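Text of the file target23.txt, holding compact mmCIF, C-alpha atoms and all ligand atoms:
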# COMPACT_ATOMS: atom_id res chain seq x y z
CA MET T 1 80.75 69.45 80.66
CA LYS T 2 80.16 68.63 84.32
CA ILE T 3 82.37 70.52 86.80
CA GLY T 4 82.32 70.25 90.56
CA ILE T 5 83.71 68.72 93.72
CA ASP T 6 85.83 65.70 92.91
CA LYS T 7 87.25 65.20 96.40
CA ILE T 8 86.60 66.69 99.83
CA GLY T 9 88.72 66.35 102.98
CA PHE T 10 88.65 67.82 106.48
CA TYR T 11 91.12 68.52 109.27
CA THR T 12 90.81 69.93 112.75
CA SER T 13 93.16 69.89 115.73
CA HIS T 14 93.52 67.00 118.21
CA LEU T 15 91.95 68.98 121.08
CA TYR T 16 88.42 69.94 122.09
CA VAL T 17 86.52 71.37 125.02
CA ASP T 18 83.17 69.99 126.18
CA MET T 19 80.38 72.54 125.78
CA ALA T 20 78.39 71.46 128.85
CA LYS T 21 81.51 71.91 131.01
CA LEU T 22 82.23 75.29 129.40
CA ALA T 23 78.62 76.37 130.07
CA LYS T 24 78.93 75.46 133.77
CA LYS T 25 82.14 77.50 134.10
CA ARG T 26 80.34 80.46 132.48
CA ASN T 27 77.34 80.10 134.83
CA GLU T 28 75.05 79.18 131.95
CA ASP T 29 72.57 76.32 131.73
CA PRO T 30 74.34 73.61 129.63
CA ASN T 31 71.21 73.34 127.48
CA LYS T 32 71.76 76.88 126.30
CA TYR T 33 74.94 75.71 124.54
CA LEU T 34 73.78 72.17 123.70
CA ILE T 35 70.29 73.05 122.40
CA GLY T 36 70.00 76.84 122.22
CA ILE T 37 73.29 77.20 120.31
CA GLY T 38 73.37 73.57 119.12
CA GLN T 39 77.00 72.72 119.91
CA GLU T 40 78.37 69.72 121.87
CA LYS T 41 82.15 70.03 121.53
CA MET T 42 84.36 72.88 120.36
CA ALA T 43 87.68 72.43 118.59
CA VAL T 44 90.56 74.00 120.51
CA ILE T 45 93.35 75.03 118.18
CA PRO T 46 96.82 74.92 119.78
CA PRO T 47 99.46 77.55 118.90
CA THR T 48 101.24 74.95 116.72
CA GLN T 49 98.34 75.09 114.23
CA ASP T 50 97.32 78.11 112.15
CA ALA T 51 95.34 78.72 108.96
CA VAL T 52 98.27 77.47 106.86
CA THR T 53 98.89 74.18 108.70
CA LEU T 54 95.17 73.41 109.05
CA ALA T 55 94.81 73.92 105.29
CA ALA T 56 97.82 71.74 104.46
CA ASN T 57 96.63 69.00 106.84
CA ALA T 58 93.15 69.02 105.25
CA ALA T 59 94.53 68.87 101.69
CA ASP T 60 96.90 66.08 102.70
CA THR T 61 93.90 63.81 103.43
CA ILE T 62 92.79 63.83 99.77
CA LEU T 63 95.62 64.62 97.35
CA THR T 64 97.33 61.95 95.25
CA GLU T 65 100.45 62.42 93.12
CA GLU T 66 98.19 62.52 90.06
CA ASP T 67 96.15 65.38 91.59
CA LYS T 68 99.36 67.25 92.39
CA GLU T 69 100.47 66.92 88.79
CA LYS T 70 97.17 68.33 87.47
CA ILE T 71 96.54 71.13 89.99
CA ASP T 72 97.46 74.51 88.53
CA LEU T 73 95.26 76.75 90.70
CA VAL T 74 95.31 76.95 94.51
CA LEU T 75 92.76 79.19 96.24
CA VAL T 76 92.98 79.42 100.02
CA ALA T 77 89.93 81.11 101.53
CA THR T 78 90.50 82.45 105.03
CA GLU T 79 89.81 85.30 107.39
CA SER T 80 92.57 84.04 109.72
CA GLY T 81 95.41 84.90 107.33
CA VAL T 82 98.90 84.97 108.84
CA ASP T 83 100.28 87.88 106.82
CA ASN T 84 98.86 91.10 105.40
CA SER T 85 100.70 90.62 102.10
CA LYS T 86 101.94 87.09 101.58
CA SER T 87 99.21 84.63 100.67
CA SER T 88 98.56 81.52 102.78
CA ALA T 89 98.25 79.70 99.44
CA ALA T 90 101.97 80.24 98.78
CA TYR T 91 102.92 78.50 102.02
CA VAL T 92 100.32 75.74 101.57
CA SER T 93 101.35 74.93 97.98
CA GLU T 94 105.01 74.62 98.98
CA LEU T 95 104.24 72.48 102.04
CA LEU T 96 102.15 70.13 99.90
CA GLY T 97 104.91 69.82 97.31
CA LEU T 98 102.82 71.21 94.44
CA LYS T 99 104.39 72.27 91.16
CA HIS T 100 105.67 75.82 90.75
CA ASN T 101 103.92 76.56 87.45
CA ILE T 102 100.64 77.23 89.24
CA ARG T 103 98.51 80.22 90.35
CA THR T 104 98.22 80.67 94.14
CA LEU T 105 95.93 83.16 95.82
CA GLU T 106 94.30 83.90 99.19
CA LEU T 107 90.63 84.96 99.15
CA LYS T 108 88.78 86.95 101.81
CA GLN T 109 85.08 87.70 102.35
CA ALA T 110 84.48 86.40 105.88
CA CYS T 111 82.86 82.94 105.85
CA TYR T 112 81.83 83.23 102.20
CA ALA T 113 85.26 83.12 100.52
CA ALA T 114 85.51 79.35 99.91
CA THR T 115 82.31 79.58 97.87
CA ALA T 116 83.87 82.32 95.77
CA GLY T 117 86.88 80.01 95.41
CA ILE T 118 84.71 77.16 94.14
CA GLN T 119 82.93 79.39 91.60
CA LEU T 120 86.23 80.86 90.38
CA ALA T 121 87.72 77.38 90.12
CA LYS T 122 84.67 76.26 88.12
CA GLY T 123 85.37 79.02 85.59
CA HIS T 124 89.03 78.03 85.45
CA ILE T 125 88.22 74.36 84.82
CA SER T 126 85.69 75.23 82.10
CA LEU T 127 88.60 76.88 80.22
CA ASN T 128 91.12 74.18 81.20
CA PRO T 129 89.18 70.90 81.51
CA HIS T 130 92.29 68.75 81.92
CA LYS T 131 93.52 70.71 84.94
CA LYS T 132 92.39 70.60 88.57
CA ALA T 133 91.97 73.32 91.18
CA LEU T 134 92.51 73.04 94.92
CA VAL T 135 90.14 75.17 97.01
CA ILE T 136 90.56 75.27 100.80
CA GLY T 137 88.52 77.02 103.47
CA THR T 138 90.66 77.31 106.61
CA ASP T 139 90.03 79.30 109.79
CA ILE T 140 90.19 79.63 113.54
CA ALA T 141 87.04 81.26 114.95
CA ARG T 142 87.97 83.49 117.90
CA TYR T 143 85.61 85.83 119.77
CA GLY T 144 87.32 86.00 123.15
CA LEU T 145 86.94 84.30 126.51
CA LYS T 146 83.72 84.97 128.45
CA THR T 147 82.04 86.81 125.56
CA PRO T 148 78.60 85.87 124.14
CA GLY T 149 80.39 84.66 121.00
CA GLU T 150 82.65 82.28 122.96
CA PRO T 151 80.46 79.15 122.54
CA THR T 152 80.42 79.75 118.77
CA GLN T 153 84.20 79.46 118.32
CA GLY T 154 85.97 76.49 116.71
CA GLY T 155 88.40 75.85 113.88
CA GLY T 156 89.58 73.62 111.08
CA ALA T 157 89.84 73.39 107.32
CA VAL T 158 88.03 71.75 104.42
CA ALA T 159 89.96 71.08 101.20
CA MET T 160 88.28 70.34 97.88
CA VAL T 161 89.56 69.32 94.47
CA ILE T 162 87.48 70.96 91.71
CA SER T 163 87.61 69.19 88.37
CA ALA T 164 85.74 68.19 85.23
CA ASP T 165 83.69 64.95 85.58
CA PRO T 166 83.72 65.27 89.37
CA ALA T 167 83.25 62.13 91.46
CA VAL T 168 81.15 63.68 94.24
CA LEU T 169 79.02 66.74 93.35
CA ALA T 170 78.51 68.34 89.93
CA LEU T 171 77.70 72.04 90.32
CA GLU T 172 74.74 73.37 88.40
CA ASP T 173 75.10 76.63 86.49
CA ALA T 174 72.45 78.71 88.24
CA SER T 175 73.46 80.70 91.27
CA SER T 176 71.94 83.67 93.09
CA TYR T 177 74.01 86.12 95.12
CA TYR T 178 73.45 89.22 97.20
CA ALA T 179 75.93 91.68 98.77
CA LYS T 180 75.56 94.66 101.08
CA ASP T 181 78.02 96.71 103.16
CA ILE T 182 76.96 96.08 106.77
CA MET T 183 78.64 95.78 110.18
CA ASP T 184 77.40 92.51 111.63
CA PHE T 185 80.82 90.93 112.26
CA TRP T 186 84.31 92.24 111.56
CA ARG T 187 87.92 92.04 112.81
CA PRO T 188 90.03 95.22 112.67
CA LEU T 189 93.62 94.66 111.49
CA SER T 190 95.05 95.06 115.00
CA GLN T 191 92.73 92.49 116.64
CA THR T 192 93.06 88.73 117.08
CA GLU T 193 89.38 88.34 118.07
CA ALA T 194 86.31 89.13 115.98
CA MET T 195 83.87 91.86 116.92
CA VAL T 196 80.24 91.05 116.41
CA ASP T 197 76.75 92.44 116.73
CA GLY T 198 75.48 88.93 117.51
CA LYS T 199 71.69 89.21 117.29
CA TYR T 200 71.90 91.52 114.28
CA SER T 201 74.27 89.09 112.51
CA ALA T 202 71.87 86.20 113.10
CA ASN T 203 68.97 88.19 111.66
CA VAL T 204 70.90 89.43 108.62
CA TYR T 205 72.00 85.85 107.88
CA LEU T 206 68.33 84.82 107.73
CA GLU T 207 67.38 87.83 105.56
CA PHE T 208 70.16 87.00 103.11
CA PHE T 209 69.07 83.37 103.00
CA GLU T 210 65.47 84.31 102.19
CA GLN T 211 66.65 86.76 99.54
CA VAL T 212 68.97 84.39 97.65
CA PHE T 213 66.76 81.31 98.02
CA HIS T 214 63.83 83.28 96.62
CA ASP T 215 65.98 84.67 93.77
CA PHE T 216 67.29 81.19 92.95
CA GLN T 217 63.77 79.78 92.68
CA GLU T 218 62.68 82.72 90.47
CA GLN T 219 65.72 82.26 88.24
CA THR T 220 65.44 78.49 87.81
CA GLY T 221 61.76 77.63 88.32
CA LEU T 222 62.88 75.04 90.87
CA THR T 223 61.09 74.80 94.24
CA LEU T 224 62.01 73.29 97.59
CA ARG T 225 60.64 69.90 96.46
CA ASP T 226 63.34 69.70 93.78
CA PHE T 227 65.97 69.49 96.53
CA THR T 228 66.74 66.40 98.57
CA ALA T 229 68.48 68.47 101.23
CA LEU T 230 69.44 72.06 101.99
CA LEU T 231 72.85 72.86 103.41
CA PHE T 232 73.78 76.00 105.31
CA HIS T 233 76.77 77.91 106.54
CA LEU T 234 76.78 76.81 110.19
CA PRO T 235 78.35 79.40 112.52
CA TYR T 236 76.61 77.30 115.19
CA THR T 237 74.14 74.63 114.22
CA LYS T 238 71.01 76.31 115.62
CA GLN T 239 71.49 79.10 113.05
CA GLY T 240 71.08 76.66 110.15
CA LEU T 241 68.04 75.14 111.83
CA LYS T 242 66.42 78.59 111.94
CA ALA T 243 67.06 79.06 108.20
CA LEU T 244 65.67 75.61 107.42
CA ARG T 245 62.52 76.40 109.42
CA LEU T 246 62.00 79.44 107.18
CA ALA T 247 62.53 77.34 104.05
CA VAL T 248 59.91 74.72 104.99
CA GLU T 249 57.30 76.97 106.63
CA ASN T 250 54.86 76.69 103.71
CA ILE T 251 55.07 72.95 103.09
CA ASP T 252 53.24 70.07 104.72
CA PRO T 253 54.88 69.19 108.08
CA THR T 254 55.18 65.51 107.10
CA GLN T 255 57.16 66.51 103.99
CA ALA T 256 59.25 68.90 106.07
CA THR T 257 60.42 65.98 108.25
CA LYS T 258 62.64 64.72 105.43
CA TYR T 259 64.52 68.05 105.37
CA PHE T 260 64.93 68.09 109.16
CA ASN T 261 66.29 64.51 109.06
CA GLU T 262 68.87 65.44 106.43
CA PHE T 263 69.71 68.54 108.45
CA GLU T 264 70.56 66.35 111.46
CA ALA T 265 73.03 64.39 109.30
CA SER T 266 74.45 67.64 107.93
CA ARG T 267 75.14 69.17 111.34
CA LYS T 268 76.66 66.13 113.04
CA TYR T 269 80.34 67.07 112.45
CA ASN T 270 79.72 70.80 112.94
CA LYS T 271 78.19 70.14 116.38
CA LEU T 272 81.47 68.49 117.37
CA THR T 273 83.80 71.13 115.96
CA GLY T 274 82.23 74.61 116.10
CA ASN T 275 82.52 77.41 113.58
CA LEU T 276 85.13 76.87 110.87
CA TYR T 277 84.16 80.19 109.23
CA THR T 278 85.05 79.53 105.53
CA GLY T 279 84.92 75.75 105.91
CA SER T 280 81.63 75.45 107.82
CA LEU T 281 79.26 74.99 104.86
CA TYR T 282 81.60 72.39 103.36
CA LEU T 283 82.06 70.50 106.62
CA SER T 284 78.27 70.37 106.72
CA LEU T 285 78.26 68.99 103.16
CA LEU T 286 80.79 66.33 104.18
CA SER T 287 78.71 65.56 107.26
CA LEU T 288 75.60 65.03 105.14
CA LEU T 289 77.43 62.87 102.60
CA GLU T 290 79.01 60.66 105.26
CA ASN T 291 76.01 60.43 107.62
CA SER T 292 72.82 60.41 105.57
CA ASP T 293 71.40 56.99 104.67
CA ASN T 294 68.84 58.40 102.26
CA LEU T 295 70.89 60.15 99.62
CA GLN T 296 71.16 58.73 96.12
CA ALA T 297 73.04 59.59 92.96
CA GLY T 298 71.10 62.21 91.00
CA ASP T 299 69.81 63.97 94.13
CA ARG T 300 69.98 67.76 94.08
CA LEU T 301 71.50 69.53 97.09
CA GLY T 302 71.00 73.26 97.72
CA LEU T 303 73.83 75.18 99.41
CA PHE T 304 73.54 78.52 101.23
CA SER T 305 76.82 80.32 101.80
CA TYR T 306 76.98 83.40 104.04
CA GLY T 307 79.87 85.66 104.94
CA SER T 308 79.44 88.61 107.24
CA GLY T 309 80.01 92.06 105.96
CA ALA T 310 78.05 90.70 103.99
CA GLN T 311 77.73 88.29 101.07
CA GLY T 312 75.20 85.52 100.51
CA GLU T 313 74.96 82.95 97.72
CA PHE T 314 72.62 80.05 96.99
CA PHE T 315 73.69 77.41 94.48
CA SER T 316 73.09 73.74 93.82
CA GLY T 317 74.78 70.50 92.87
CA ILE T 318 73.85 67.00 91.74
CA LEU T 319 75.22 63.96 93.55
CA GLN T 320 77.27 61.77 91.25
CA GLU T 321 77.09 58.01 90.65
CA ASN T 322 79.12 56.09 93.28
CA TYR T 323 79.92 59.30 95.19
CA ARG T 324 80.12 57.30 98.43
CA GLN T 325 83.17 55.39 97.19
CA HIS T 326 85.00 58.69 96.71
CA LEU T 327 84.59 59.98 100.28
CA THR T 328 87.55 59.58 102.60
CA ASN T 329 85.37 58.53 105.59
CA LYS T 330 88.20 59.66 107.88
CA THR T 331 86.21 62.28 109.78
CA THR T 332 84.66 60.15 112.51
CA SER T 333 87.98 58.62 113.50
CA LEU T 334 89.69 62.06 113.39
CA LEU T 335 87.02 63.46 115.73
CA ASN T 336 86.96 60.41 118.00
CA LYS T 337 90.74 60.41 118.45
CA ARG T 338 90.76 63.95 119.87
CA GLN T 339 91.69 64.63 123.48
CA GLU T 340 89.47 66.64 125.77
CA VAL T 341 91.05 69.65 127.50
CA SER T 342 89.68 71.28 130.63
CA VAL T 343 88.26 74.80 130.45
CA ALA T 344 91.40 76.06 132.21
CA GLU T 345 93.66 74.35 129.62
CA TYR T 346 91.54 75.72 126.77
CA GLU T 347 91.88 79.25 128.21
CA LYS T 348 95.65 78.83 128.47
CA LEU T 349 95.90 77.62 124.86
CA PHE T 350 93.60 80.43 123.71
CA ASN T 351 95.96 82.99 125.26
CA SER T 352 99.17 81.44 123.93
CA VAL T 353 98.46 81.91 120.21
CA LEU T 354 101.29 83.40 118.15
CA THR T 355 100.55 87.06 117.48
CA ASN T 356 103.00 89.85 116.68
CA GLU T 357 106.17 88.38 118.15
CA LYS T 358 109.44 88.66 116.21
CA ASN T 359 110.95 85.41 117.53
CA ARG T 360 109.44 82.43 119.34
CA THR T 361 109.95 78.69 119.26
CA LEU T 362 106.93 76.43 119.74
CA ASP T 363 107.02 72.94 121.19
CA THR T 364 105.33 70.68 118.63
CA THR T 365 105.94 67.34 120.36
CA SER T 366 102.34 66.91 121.56
CA ASP T 367 100.78 67.95 118.22
CA PRO T 368 100.15 64.79 116.12
CA ALA T 369 99.45 66.73 112.90
CA THR T 370 101.59 66.15 109.82
CA TYR T 371 102.06 69.88 109.24
CA VAL T 372 102.90 72.07 112.22
CA LEU T 373 103.99 75.62 112.99
CA THR T 374 107.31 75.42 114.83
CA GLY T 375 107.62 79.13 115.60
CA ILE T 376 108.62 82.47 114.14
CA LYS T 377 112.09 83.82 113.31
CA ASP T 378 112.57 87.49 112.37
CA PHE T 379 108.80 87.69 111.76
CA LYS T 380 108.98 84.71 109.35
CA ARG T 381 106.67 81.83 110.23
CA GLN T 382 108.42 78.46 110.40
CA TYR T 383 106.53 75.40 109.18
CA GLN T 384 107.48 71.74 109.27
CA LYS T 385 106.22 68.52 107.75
CA LYS T 386 106.69 65.91 110.47
P1 LIG T 401 73.56 85.02 123.54
O1 LIG T 401 72.96 86.38 123.55
O2 LIG T 401 74.44 84.69 124.69
O3 LIG T 401 72.49 83.89 123.50
O4 LIG T 401 74.40 84.83 122.20
P2 LIG T 401 70.89 83.96 123.56
O5 LIG T 401 70.47 84.50 124.87
O6 LIG T 401 70.35 84.61 122.31
O7 LIG T 401 70.59 82.41 123.53
C1 LIG T 401 70.91 81.67 122.42
C2 LIG T 401 69.77 80.68 122.17
O8 LIG T 401 69.76 79.75 123.25
C3 LIG T 401 68.39 81.33 122.15
O9 LIG T 401 67.63 80.63 121.19
C4 LIG T 401 67.85 81.01 123.55
O10 LIG T 401 66.43 80.96 123.62
C5 LIG T 401 68.44 79.64 123.76
P3 LIG T 401 67.05 81.41 119.90
O11 LIG T 401 66.22 82.53 120.40
O12 LIG T 401 68.26 81.91 119.15
O13 LIG T 401 66.31 80.34 119.15
N1 LIG T 401 68.53 79.22 125.18
C6 LIG T 401 68.24 77.97 125.60
N2 LIG T 401 67.79 76.87 124.93
C7 LIG T 401 67.60 75.73 125.66
N3 LIG T 401 67.80 75.67 126.99
C8 LIG T 401 68.23 76.74 127.69
C9 LIG T 401 68.46 77.96 126.98
N4 LIG T 401 68.90 79.20 127.35
C10 LIG T 401 68.93 79.94 126.23
N5 LIG T 401 68.42 76.67 129.02
C11 LIG T 401 74.82 84.59 119.87
C12 LIG T 401 74.05 84.05 121.08
C13 LIG T 401 74.64 83.62 118.72
C14 LIG T 401 74.24 85.96 119.49
C15 LIG T 401 76.32 84.71 120.24
O14 LIG T 401 76.85 83.45 120.54
C16 LIG T 401 77.15 85.35 119.13
O15 LIG T 401 77.23 86.57 119.02
N6 LIG T 401 77.83 84.52 118.27
C17 LIG T 401 78.66 85.01 117.18
C18 LIG T 401 77.85 85.58 116.03
C19 LIG T 401 77.27 84.52 115.12
O16 LIG T 401 77.67 83.38 115.11
N7 LIG T 401 76.33 84.95 114.24
C20 LIG T 401 75.71 84.05 113.30
C21 LIG T 401 75.25 84.75 112.03
S1 LIG T 401 76.57 85.66 111.25
C22 LIG T 401 77.51 84.42 110.46
O17 LIG T 401 77.08 83.33 110.32
C23 LIG T 401 78.88 84.79 110.00
C24 LIG T 401 80.02 84.32 110.90
O18 LIG T 401 80.21 82.92 110.73
C25 LIG T 401 81.30 85.09 110.58
C26 LIG T 401 81.81 85.16 109.15
O19 LIG T 401 81.06 85.32 108.19
O20 LIG T 401 83.04 85.16 109.03
C27 LIG T 401 79.71 84.56 112.36
Kindly present the structure from the file in structure tokens form.
Amino acid sequence: MKIGIDKIGFYTSHLYVDMAKLAKKRNEDPNKYLIGIGQEKMAVIPPTQDAVTLAANAADTILTEEDKEKIDLVLVATESGVDNSKSSAAYVSELLGLKHNIRTLELKQACYAATAGIQLAKGHISLNPHKKALVIGTDIARYGLKTPGEPTQGGGAVAMVISADPAVLALEDASSYYAKDIMDFWRPLSQTEAMVDGKYSANVYLEFFEQVFHDFQEQTGLTLRDFTALLFHLPYTKQGLKALRLAVENIDPTQATKYFNEFEASRKYNKLTGNLYTGSLYLSLLSLLENSDNLQAGDRLGLFSYGSGAQGEFFSGILQENYRQHLTNKTTSLLNKRQEVSVAEYEKLFNSVLTNEKNRTLDTTSDPATYVLTGIKDFKRQYQKK
């Protein structure tokens, strides 16, 4: 039985900051952000959006009434959770109007958790082939103003329906994973911004990629040539480029061109959004599917998932017949409709995020999203479907 991604949808906020303008304000050469980091625009998430609303807005782009009837597992992967106990998946399922006889759970392992969600959902569907699972990666990447990590922020969510006979990507059974307790990136419970050992994190990411890609090839007998494209977790797009350079270093440069071309298609949306943490690899997948002219049904894609702390996984999937007809193709218009904010406005929004307040009402009039956070009452978050 084939199991995999049947639908995939994306949401980010209606605001962004221009990276060249941010670089100038930080006394950096714009090319450091545009080329050295590989980012052009960065999503700015207003206080009226959080991990729950971003997730609900992403899922809303793909779910039909029939999906809602069949979904009995909801896994929300996030490291931007809004409560230490209550799962984001509980809020999201209710906002989306899903049934109550379902399992809902929040998953955490930094940027890796959506991959865990997909693999767990695959197991669930193999036991329950007539059901569907909803897996969402949703996050707001925050490092702090004027820190080295600042140009690698961003935010948004990717929602995926996992089912039997998937319309988009059938997952293959082989998978290689690697875990180690390290301190490359972490966020203590009291902090709203991540702490990071930046250069170390970038190096560990590459080490984990080499480890799991090598293990995958040993396990399956497949080699790079068996893949049409490789996809990477993209904390910033230059990081994926570095991993791809390692992957192709022993092949003929003319053959390597094909992988670099697919990589350009796969980083297009990420360049315009920034780090989504859990959703980044899957936004890159969506970017490849919607922007590559070369892909065909039957092509094998390789996916590298990385979450600091750290967990890596390499797995693969086969593109399905007519997959193009099952894409929403809403991403370009979503990104084009966004409004630019100045660096000063971005800083103000960054500092106005809801934290540990007991009561606060938020003005949602300028937020065009369907699902918004209207405030907090007695420490209970208040959500609304507009
Ligand atoms: P930095 O120290 O300010 O930057 O921070 P840099 O000096 O290393 O420069 C960055 C690149 O720009 C370099 O290229 C420069 O040469 C180049 P590289 O050596 O990397 O190839 N550069 C220029 N290029 C063109 N024109 C110029 C120019 N000037 C410089 N004029 C750093 C960079 C990424 C370390 C920082 O932004 C950071 O700490 N970011 C956060 C950490 C991160 O994203 N790590 C990635 C791996 S860990 C991961 O992926 C997990 C994560 O997503 C979290 C999770 O799992 O939840 C982060």
Spatial neighbours of Asp293 (chain T), 12 Å, only C-alpha atoms, chain gap at least 5 places, as a PDB file with C-alpha atoms, keeping the file's coordinate frame:
ATOM      1  CA  LYS T 258      62.640  64.720 105.430  1.00  0.00           C
ATOM      2  CA  ASN T 261      66.290  64.510 109.060  1.00  0.00           C
ATOM      3  CA  GLU T 262      68.870  65.440 106.430  1.00  0.00           C
ATOM      4  CA  GLU T 264      70.560  66.350 111.460  1.00  0.00           C
ATOM      5  CA  ALA T 265      73.030  64.390 109.300  1.00  0.00           C
ATOM      6  CA  SER T 266      74.450  67.640 107.930  1.00  0.00           C
ATOM      7  CA  SER T 287      78.710  65.560 107.260  1.00  0.00           C
ATOM      8  CA  LEU T 288      75.600  65.030 105.140  1.00  0.00           C
ATOM      9  CA  ARG T 324      80.120  57.300  98.430  1.00  0.00           C
TER      10      ARG T 324
END
Would you give me, as a Markdown table, each residue of chain T having an atom within 8 Å of an atom of ligand LIG 401 (chain T), along with its shortest atom pair and that distance in Å to one decimal, using only C-alpha atoms and all ligand atoms and sorting by chain and residue number?
| residue | atom | partner | partner_atom | distance |
| --- | --- | --- | --- | --- |
| T:Glu28 | CA | T:LIG401 | N5 | 7.7 |
| T:Asp29 | CA | T:LIG401 | N5 | 5.0 |
| T:Pro30 | CA | T:LIG401 | N5 | 6.7 |
| T:Asn31 | CA | T:LIG401 | N3 | 4.2 |
| T:Lys32 | CA | T:LIG401 | C9 | 3.5 |
| T:Tyr33 | CA | T:LIG401 | O8 | 6.7 |
| T:Leu34 | CA | T:LIG401 | C7 | 7.4 |
| T:Ile35 | CA | T:LIG401 | C7 | 5.0 |
| T:Gly36 | CA | T:LIG401 | O8 | 3.1 |
| T:Ile37 | CA | T:LIG401 | O8 | 5.3 |
| T:Glu79 | CA | T:LIG401 | O20 | 7.0 |
| T:Gln109 | CA | T:LIG401 | O20 | 7.4 |
| T:Ala110 | CA | T:LIG401 | O20 | 3.7 |
| T:Cys111 | CA | T:LIG401 | O19 | 3.8 |
| T:Tyr112 | CA | T:LIG401 | O19 | 6.4 |
| T:Tyr143 | CA | T:LIG401 | C17 | 7.5 |
| T:Thr147 | CA | T:LIG401 | O2 | 7.9 |
| T:Pro148 | CA | T:LIG401 | O2 | 4.4 |
| T:Gly149 | CA | T:LIG401 | N6 | 3.7 |
| T:Glu150 | CA | T:LIG401 | O14 | 6.4 |
| T:Pro151 | CA | T:LIG401 | O14 | 6.0 |
| T:Thr152 | CA | T:LIG401 | O14 | 5.4 |
| T:Gln153 | CA | T:LIG401 | C17 | 7.9 |
| T:Asp184 | CA | T:LIG401 | S1 | 6.9 |
| T:Phe185 | CA | T:LIG401 | C25 | 6.1 |
| T:Trp186 | CA | T:LIG401 | O20 | 7.6 |
| T:Val196 | CA | T:LIG401 | C18 | 6.0 |
| T:Asp197 | CA | T:LIG401 | O15 | 6.3 |
| T:Gly198 | CA | T:LIG401 | O15 | 3.3 |
| T:Lys199 | CA | T:LIG401 | C14 | 4.7 |
| T:Tyr200 | CA | T:LIG401 | C21 | 7.9 |
| T:Ser201 | CA | T:LIG401 | S1 | 4.3 |
| T:Ala202 | CA | T:LIG401 | C21 | 3.8 |
| T:Asn203 | CA | T:LIG401 | C21 | 7.2 |
| T:Val204 | CA | T:LIG401 | C21 | 7.2 |
| T:Tyr205 | CA | T:LIG401 | C21 | 5.4 |
| T:His233 | CA | T:LIG401 | O17 | 6.6 |
| T:Leu234 | CA | T:LIG401 | O17 | 6.5 |
| T:Pro235 | CA | T:LIG401 | O18 | 4.4 |
| T:Tyr236 | CA | T:LIG401 | O16 | 6.2 |
| T:Lys238 | CA | T:LIG401 | O13 | 7.1 |
| T:Gln239 | CA | T:LIG401 | C20 | 6.5 |
| T:Lys242 | CA | T:LIG401 | O13 | 7.4 |
| T:Asn275 | CA | T:LIG401 | O18 | 6.6 |
| T:Leu276 | CA | T:LIG401 | O18 | 7.8 |
| T:Tyr277 | CA | T:LIG401 | O18 | 5.0 |
| T:Thr278 | CA | T:LIG401 | O20 | 6.9 |
| T:Tyr306 | CA | T:LIG401 | O19 | 6.1 |
| T:Gly307 | CA | T:LIG401 | O19 | 3.5 |
| T:Ser308 | CA | T:LIG401 | O19 | 3.8 |
| T:Gly309 | CA | T:LIG401 | O19 | 7.2 |
| T:Ala310 | CA | T:LIG401 | O19 | 7.5 |
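You can rank T:Leu319, T:Met42, T:Leu54, T:Ile118 by their closest distance to Asn270 (chain T) using all atoms listed in the file, and at the top of that list sits T:Met42.
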### Residue among T:Ala43, T:Met1, T:Ala170, T:Val52 lying closest to Ser13 (chain T), counting all atoms listed in the file
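Nearest to Ser13 (chain T): T:Ala43.
For the set T:Ser93, T:Thr115, T:Thr328, T:Thr12, the residue with the smallest atom-to-atom gap to Glu313 (chain T) is T:Thr115, counting all atoms listed in the file.
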